[in-house]
Amino acid sequence: MPHATNTPLKALLIGEIAPLGEKQAPSGIDKKPVERALFLSHTGFIGDNQADTKHHGGSEKAVHHYPRDHYDAWREEIGDNTLLDSPGAFGENLSTLGLNEETVALGDVFRLGNAILEVSQGRQPCWKLNSRFGVRDMALRVQKSGRTGWYYRVLQEGEVAPGDALERIERPLPEWPLKRLWQTLYVKTLDRSELEEMAALEKLPDGWRRYAQRRLESGKVESWNRRLQGDKAD
């Protein structure tokens, strides 16, 4: 099958809601590896929790994947943070080596255990990463780096075990790797031809398509301050 790939999981992770950082804001970002199989529903792994369900979780963000490949680059950038010693630093459910934002495209479909997942969007980092890492601009650094990770929607529910592998079975949009989406959103922010194509991507959630449409209509880029800085943006 074209573009087929088989990438073993390095870790399968879920988290409880707990206070985060100085604000003691409730968050489920502290994910820990499990050694048992989990059932993956259309809204995420049973046993995984999100405190802010408006911005995290749900059908379009059912599963978060962050490449372990990026950890060394983060060590070079922010120093030897102990969070980087094990998977889960970025609140990911899936940790792998060998997949990244250049090799994974919007709409890619993967089989994982008995479940089937479809890449739905990149991650838009928020201020909770600043609190998580104790680095005041960590969210902005993630955004600028393009090392954002991504989300899946669940096409078929099923059981997933830590020893399973992601097998890519469909690639409908090879011309739209996640890196291109990132460039359109954060680098070529007012490139009309890219925005027009992005606005027409049926595989993208409506919110992402609206970003593109609003920029085309207004000629302006939306503010990212509140997402990146939280209350400090007020």
# chains A, B, ... in the order shown; residues from 1 in each chain; ligands from 1
$ closest_atom_pairs --of "stretch 40-152 of chain A" --to "stretch 204-228 of chain A" --cutoff "9 Å" --atoms "only C-alpha atoms" --output "Markdown table"
| residue | atom | partner | partner_atom | distance |
| --- | --- | --- | --- | --- |
| A:Glu60 | CA | A:Pro205 | CA | 6.9 |
| A:Leu106 | CA | A:Leu204 | CA | 7.6 |
| A:Gly107 | CA | A:Leu204 | CA | 8.2 |
| A:Ser120 | CA | A:Leu204 | CA | 6.0 |
| A:Gln121 | CA | A:Leu204 | CA | 6.4 |
| A:Gln124 | CA | A:Arg227 | CA | 8.4 |
| A:Pro125 | CA | A:Leu228 | CA | 6.9 |
| A:Cys126 | CA | A:Leu228 | CA | 4.8 |
| A:Trp127 | CA | A:Leu228 | CA | 4.6 |
| A:Lys128 | CA | A:Leu228 | CA | 8.3 |
| A:Leu129 | CA | A:Leu228 | CA | 8.8 |
| A:Asn130 | CA | A:Leu228 | CA | 8.4 |
| A:Asp137 | CA | A:Leu228 | CA | 7.8 |
| A:Met138 | CA | A:Leu228 | CA | 8.6 |
| A:Ala139 | CA | A:Leu228 | CA | 5.6 |
| A:Leu140 | CA | A:Leu228 | CA | 6.2 |
| A:Gln143 | CA | A:Leu228 | CA | 9.0 |
$ closest_atom_pairs --of "stretch 152-212 of chain A" --to "stretch 25-46 of chain A" --cutoff "6 Å" --atoms "only C-alpha atoms" --output "tab-separated table"
residue	atom	partner	partner_atom	distance
A:Val154	CA	A:His42	CA	5.1
A:Glu157	CA	A:Ser41	CA	5.0
A:Gly158	CA	A:Leu40	CA	5.4
A:Glu159	CA	A:Phe39	CA	4.3
A:Val160	CA	A:Leu38	CA	5.3
A:Ala161	CA	A:Ala37	CA	4.0
$ closest_residue --among "A:Leu173, A:Thr103, A:Lys203, A:Arg123" --to "A:Leu185" --atoms "only C-alpha atoms"
A:Arg123
$ residues_around --residues "A:Glu102" --least-positions-apart "6" --cutoff "7 Å" --atoms "only C-alpha atoms" --output "VMD selection string"
chain A and resid 177 to 179
$ closest_residue --among "A:Leu83, A:Ile17, A:Ile78, A:Val119" --to "A:Arg136" --atoms "only C-alpha atoms"
A:Ile78
$ select_by_dssp --residues "stretch 2-234 of chain A" --states "alpha helix (DSSP H)" --output "PyMOL selection string"
chain A and resi 71-78+128-133+138-145+178-186+192-199+206-218+225-229
$ write_last_selection --atoms "C-alpha atoms" --output "tab-separated table (two decimals), in the first residue's frame"
chain	number	residue	atom	x	y	z
A	71	TYR	CA	12.99	15.63	23.07
A	72	ASP	CA	16.70	16.04	22.27
A	73	ALA	CA	16.05	19.33	20.47
A	74	TRP	CA	14.17	20.58	23.52
A	75	ARG	CA	17.05	19.60	25.80
A	76	GLU	CA	19.37	21.70	23.64
A	77	GLU	CA	16.96	24.63	23.75
A	78	ILE	CA	15.75	24.73	27.37
A	128	LYS	CA	-0.26	25.40	30.40
A	129	LEU	CA	3.02	24.32	28.80
A	130	ASN	CA	4.65	27.38	30.40
A	131	SER	CA	3.50	26.20	33.83
A	132	ARG	CA	4.31	22.57	33.09
A	133	PHE	CA	7.93	23.25	32.16
A	138	MET	CA	7.39	27.51	26.44
A	139	ALA	CA	4.10	27.60	24.52
A	140	LEU	CA	5.47	30.26	22.18
A	141	ARG	CA	8.67	28.26	21.72
A	142	VAL	CA	6.64	25.18	20.76
A	143	GLN	CA	4.59	27.23	18.31
A	144	LYS	CA	7.66	28.84	16.70
A	145	SER	CA	9.56	25.56	16.48
A	178	LEU	CA	1.36	18.97	9.16
A	179	LYS	CA	4.41	21.15	8.65
A	180	ARG	CA	2.62	22.91	5.78
A	181	LEU	CA	-0.40	23.56	8.00
A	182	TRP	CA	1.92	24.98	10.65
A	183	GLN	CA	3.60	27.24	8.09
A	184	THR	CA	0.25	28.50	6.84
A	185	LEU	CA	-1.00	29.22	10.35
A	186	TYR	CA	2.15	30.73	11.88
A	192	ARG	CA	-3.84	34.08	0.19
A	193	SER	CA	-3.35	31.00	-1.99
A	194	GLU	CA	-2.35	28.88	1.03
A	195	LEU	CA	-5.25	30.25	3.09
A	196	GLU	CA	-7.71	29.54	0.28
A	197	GLU	CA	-6.51	25.94	0.09
A	198	MET	CA	-6.57	25.59	3.86
A	199	ALA	CA	-10.14	26.95	4.07
A	206	ASP	CA	-14.32	23.86	11.28
A	207	GLY	CA	-12.40	26.04	13.73
A	208	TRP	CA	-9.17	25.75	11.74
A	209	ARG	CA	-10.94	26.44	8.46
A	210	ARG	CA	-12.50	29.55	10.03
A	211	TYR	CA	-9.02	30.87	10.90
A	212	ALA	CA	-8.19	30.81	7.22
A	213	GLN	CA	-11.54	32.28	6.14
A	214	ARG	CA	-11.35	35.16	8.63
A	215	ARG	CA	-7.84	36.05	7.53
A	216	LEU	CA	-8.93	36.06	3.90
A	217	GLU	CA	-11.83	38.35	4.75
A	218	SER	CA	-10.06	40.72	7.14
A	225	ASN	CA	-1.76	36.13	23.26
A	226	ARG	CA	-4.47	34.67	25.50
A	227	ARG	CA	-3.79	31.10	24.34
A	228	LEU	CA	-0.02	31.46	24.75
A	229	GLN	CA	0.05	33.51	27.97
$ atom_distance --atom1 "atom CA of A:Ala200" --atom2 "atom CA of A:Glu167"
27.3 Å
$ select_by_dssp --residues "stretch 97-208 of chain A" --states "strand (DSSP E)" --output "list in words"
Val109, Phe110, Arg111, Leu112, Ala115, Ile116, Leu117, Glu118, Val119, Ser120, Gln121, Gly122, Trp150, Tyr151, Tyr152, Arg153, Val154, Leu155, Gln156, Gly158, Glu159, Val160, Ala165, Leu166, Glu167, Arg168, Ile169 and Glu170 of chain A
$ residues_around --residues "A:Gly98" --least-positions-apart "5" --cutoff "10 Å" --atoms "only C-alpha atoms" --output "NGL selection string"
:A and (5-8 or 67-69 or 103)
$ atom_distance --atom1 "atom CA of A:Gly79" --atom2 "atom CA of A:Val63"
27.9 Å
